[in-house]
Amino acid sequence: MTDTRLTRQQTNFFNTFGYLHFPGLLADCVDRISEEFEKVWAAHGGGHHGKLHDAKQRSCIVPFPDQNEYLSSLLDDPRIHDIAAGLLGDDFNYTSGDGNLYVGNTRWHSDGYDGTRIPSIKIAFYLDKLTRDTGAVRVIPGSHRCGEGYADTLQAEIGDSQEKWGVAPAEVPAVIVESEPGDIVVFWHNTKHAAFGGAARRRMYTMNFYEHVPAERLQDFQDALAHEGRFWIDHILGETMVNTAGPERMVHLQQVIENDFKVREVHARLRRERSEPSRG
């Protein structure tokens, strides 16, 4: 059986530069992945909020892989499981993921830039051939290293790169990770990434992972999960992900199940705010 654990060199590279690319890792099952990806969108009317994707702005569904039995089962696949385990420990937490139909450019950003955050990563599945000019993800190596001058300067200035550096966003020095369907790209949530020139229905979904959280940091974990309340979900994990889980998968779900109650509190607050008449 092929060894799917990360090498020491891969782990060192990830910690130093903030990303890893696995060409062809899931090439043998990408057709099935694409088929199930489309089934989730069809069940939501072809877009989000029950509306067809209009090819003018991003459509997003959260949680996404959790709504499909096959996509949920990829958490059990050693090729995915062992990436998360190699970077975050064997008892890592799975914290769901989003499905996206992207349109055009995606600005430079981190998925939360915070040097005190619980270590967390994103595994991104790109389902179309992507080049530098058609929406391939770009990453800035080392941009995840919060508290260091280089990374902190990027955080402060990259949103205004033209004025600060005389460089258009698409010309910011970066690694362009051109990819084929079946490739996997992994990065720290702190890592700066972007895409430029993408088509009007660029398919991508994610799976997100955190380290298992010690008791003294459970409040931080609850607050991190509560942030997802902005997506109008009551639970981080989808029912299919949980209902089809065996004992080994539940190791990575249980702490999330026990600590996502603040998501419902945020949801209730947002619902109240939307129902209250504006004051002005």
# chains A, B, ... in the order shown; residues from 1 in each chain; ligands from 1
>>> closest_atom_pairs(of="stretch 51-91 of chain A", to="stretch 246-257 of chain A", cutoff="9 Å", atoms="only C-alpha atoms", output="CSV")
residue,atom,partner,partner_atom,distance
A:Ser73,CA,A:Arg249,CA,9.0
A:Leu75,CA,A:Arg249,CA,7.4
A:Asp76,CA,A:Arg249,CA,6.5
A:Asp90,CA,A:His252,CA,8.9
A:Asp91,CA,A:His252,CA,6.3
>>> write_last_selection(atoms="N, CA and C atoms", output="CSV table (one decimal), in the first residue's frame")
chain,number,residue,atom,x,y,z
A,73,SER,N,-17.1,11.1,2.5
A,73,SER,CA,-16.2,10.0,2.7
A,73,SER,C,-14.8,10.3,2.4
A,75,LEU,N,-13.1,12.4,3.7
A,75,LEU,CA,-12.4,12.7,4.9
A,75,LEU,C,-11.7,11.4,5.4
A,76,ASP,N,-12.3,10.2,5.1
A,76,ASP,CA,-11.7,8.9,5.5
A,76,ASP,C,-10.6,8.4,4.5
A,90,ASP,N,-2.8,13.5,14.8
A,90,ASP,CA,-3.8,12.4,14.4
A,90,ASP,C,-5.2,12.7,14.9
A,91,ASP,N,-5.3,13.6,15.9
A,91,ASP,CA,-6.7,13.8,16.5
A,91,ASP,C,-7.2,15.2,16.0
>>> select_by_dssp(residues="stretch 11-260 of chain A", states="strand (DSSP E)", output="ChimeraX atom specification")
/A:19-22,59-61,93-94,99-109,120-126,137-139,175-177,184-188,193-210
>>> write_last_selection(atoms="C-alpha atoms", output="PDB file, in the first residue's frame")
ATOM      1  CA  TYR A  19       1.362  25.868   1.259  1.00  0.00           C
ATOM      2  CA  LEU A  20       1.717  22.500  -0.496  1.00  0.00           C
ATOM      3  CA  HIS A  21       0.592  21.337  -3.946  1.00  0.00           C
ATOM      4  CA  PHE A  22      -0.226  17.678  -4.650  1.00  0.00           C
ATOM      5  CA  SER A  59     -22.079  31.539  -5.424  1.00  0.00           C
ATOM      6  CA  CYS A  60     -21.237  29.790  -2.151  1.00  0.00           C
ATOM      7  CA  ILE A  61     -22.768  26.925  -0.151  1.00  0.00           C
ATOM      8  CA  ASN A  93     -10.730  18.466  14.019  1.00  0.00           C
ATOM      9  CA  TYR A  94     -12.650  18.691  10.744  1.00  0.00           C
ATOM     10  CA  GLY A  99     -18.477  24.987  -2.116  1.00  0.00           C
ATOM     11  CA  ASN A 100     -17.935  27.764  -4.628  1.00  0.00           C
ATOM     12  CA  LEU A 101     -18.690  28.851  -8.165  1.00  0.00           C
ATOM     13  CA  TYR A 102     -16.225  31.721  -8.547  1.00  0.00           C
ATOM     14  CA  VAL A 103     -16.467  34.551 -11.038  1.00  0.00           C
ATOM     15  CA  GLY A 104     -13.481  36.539 -12.321  1.00  0.00           C
ATOM     16  CA  ASN A 105     -10.860  37.704  -9.833  1.00  0.00           C
ATOM     17  CA  THR A 106     -10.477  36.821  -6.166  1.00  0.00           C
ATOM     18  CA  ARG A 107      -8.638  39.538  -4.235  1.00  0.00           C
ATOM     19  CA  TRP A 108      -5.614  38.955  -2.043  1.00  0.00           C
ATOM     20  CA  HIS A 109      -6.663  37.777   1.425  1.00  0.00           C
ATOM     21  CA  SER A 120      -5.758  25.532  11.079  1.00  0.00           C
ATOM     22  CA  ILE A 121      -5.512  24.651   7.403  1.00  0.00           C
ATOM     23  CA  LYS A 122      -7.584  24.518   4.235  1.00  0.00           C
ATOM     24  CA  ILE A 123      -7.500  21.728   1.664  1.00  0.00           C
ATOM     25  CA  ALA A 124      -8.754  23.109  -1.649  1.00  0.00           C
ATOM     26  CA  PHE A 125     -10.170  20.968  -4.457  1.00  0.00           C
ATOM     27  CA  TYR A 126     -10.053  22.668  -7.871  1.00  0.00           C
ATOM     28  CA  VAL A 137      -4.682  30.085  -7.084  1.00  0.00           C
ATOM     29  CA  ARG A 138      -1.701  32.272  -6.195  1.00  0.00           C
ATOM     30  CA  VAL A 139       0.022  32.139  -2.824  1.00  0.00           C
ATOM     31  CA  VAL A 175       3.728  31.480  -6.664  1.00  0.00           C
ATOM     32  CA  ILE A 176       1.042  30.676  -9.227  1.00  0.00           C
ATOM     33  CA  VAL A 177      -0.157  27.111  -8.585  1.00  0.00           C
ATOM     34  CA  ILE A 184      -5.006  19.317  -4.205  1.00  0.00           C
ATOM     35  CA  VAL A 185      -3.647  22.572  -2.755  1.00  0.00           C
ATOM     36  CA  VAL A 186      -3.211  22.976   0.996  1.00  0.00           C
ATOM     37  CA  PHE A 187      -2.412  26.144   2.908  1.00  0.00           C
ATOM     38  CA  TRP A 188      -2.500  27.647   6.367  1.00  0.00           C
ATOM     39  CA  HIS A 193      -3.849  33.841  -1.627  1.00  0.00           C
ATOM     40  CA  ALA A 194      -5.733  35.177  -4.649  1.00  0.00           C
ATOM     41  CA  ALA A 195      -6.777  34.337  -8.219  1.00  0.00           C
ATOM     42  CA  PHE A 196      -7.067  36.411 -11.385  1.00  0.00           C
ATOM     43  CA  GLY A 197      -8.747  35.993 -14.756  1.00  0.00           C
ATOM     44  CA  GLY A 198     -11.064  33.164 -13.776  1.00  0.00           C
ATOM     45  CA  ALA A 199     -14.104  32.082 -15.762  1.00  0.00           C
ATOM     46  CA  ALA A 200     -17.673  32.770 -14.686  1.00  0.00           C
ATOM     47  CA  ARG A 201     -18.182  29.315 -13.141  1.00  0.00           C
ATOM     48  CA  ARG A 202     -14.856  28.316 -11.632  1.00  0.00           C
ATOM     49  CA  ARG A 203     -15.492  25.259  -9.455  1.00  0.00           C
ATOM     50  CA  MET A 204     -13.765  24.818  -6.123  1.00  0.00           C
ATOM     51  CA  TYR A 205     -14.621  23.428  -2.712  1.00  0.00           C
ATOM     52  CA  THR A 206     -12.751  23.128   0.543  1.00  0.00           C
ATOM     53  CA  MET A 207     -12.300  21.032   3.642  1.00  0.00           C
ATOM     54  CA  ASN A 208     -11.064  22.869   6.745  1.00  0.00           C
ATOM     55  CA  PHE A 209      -9.185  21.472   9.724  1.00  0.00           C
ATOM     56  CA  TYR A 210      -8.012  22.621  13.161  1.00  0.00           C
TER      57      TYR A 210
END
>>> atom_distance(atom1="atom CA of A:Thr16", atom2="atom CA of A:Gly142")
6.2 Å
>>> residues_around(residues="A:Arg117", least_positions_apart="2", cutoff="9 Å", atoms="only C-alpha atoms", output="PyMOL selection string")
chain A and resi 112-115+119-120+220-221+224
>>> residues_around(residues="stretch 158-167 of chain A", least_positions_apart="2", cutoff="12 Å", atoms="only C-alpha atoms", output="compact mmCIF listing (two decimals) with C-alpha atoms, in the first residue's frame")
# COMPACT_ATOMS: atom_id res chain seq x y z
CA ARG A 107 -8.64 39.54 -4.24
CA TRP A 108 -5.61 38.95 -2.04
CA HIS A 109 -6.66 37.78 1.42
CA SER A 110 -6.04 35.37 4.27
CA ILE A 140 2.64 34.38 -1.26
CA SER A 143 2.81 35.30 4.29
CA TYR A 150 7.51 40.54 6.12
CA ALA A 151 4.14 38.88 6.76
CA ASP A 152 2.80 41.75 8.85
CA THR A 153 3.76 44.28 6.17
CA LEU A 154 1.91 42.23 3.58
CA GLN A 155 -1.13 42.13 5.82
CA ALA A 156 -1.08 45.91 6.26
CA PRO A 169 -2.83 43.09 -7.56
CA ALA A 170 -2.29 40.60 -10.39
CA GLU A 171 1.40 41.54 -10.53
CA VAL A 172 2.17 41.06 -6.82
CA PRO A 173 5.10 38.59 -6.60
CA LYS A 192 -2.23 35.14 1.54
CA HIS A 193 -3.85 33.84 -1.63
CA ALA A 194 -5.73 35.18 -4.65
>>> closest_residue(among="A:Gln219, A:Glu178, A:Asn15, A:Pro141", to="A:Gly86", atoms="only C-alpha atoms")
A:Asn15
>>> atom_distance(atom1="atom CA of A:His189", atom2="atom CA of A:Val263")
19.7 Å
>>> atom_distance(atom1="atom CA of A:Pro78", atom2="atom CA of A:Pro23")
15.9 Å
>>> select_by_dssp(residues="stretch 74-211 of chain A", states="helix (DSSP H, G or I)", output="PyMOL selection string")
chain A and resi 78-88+149-165+169-171
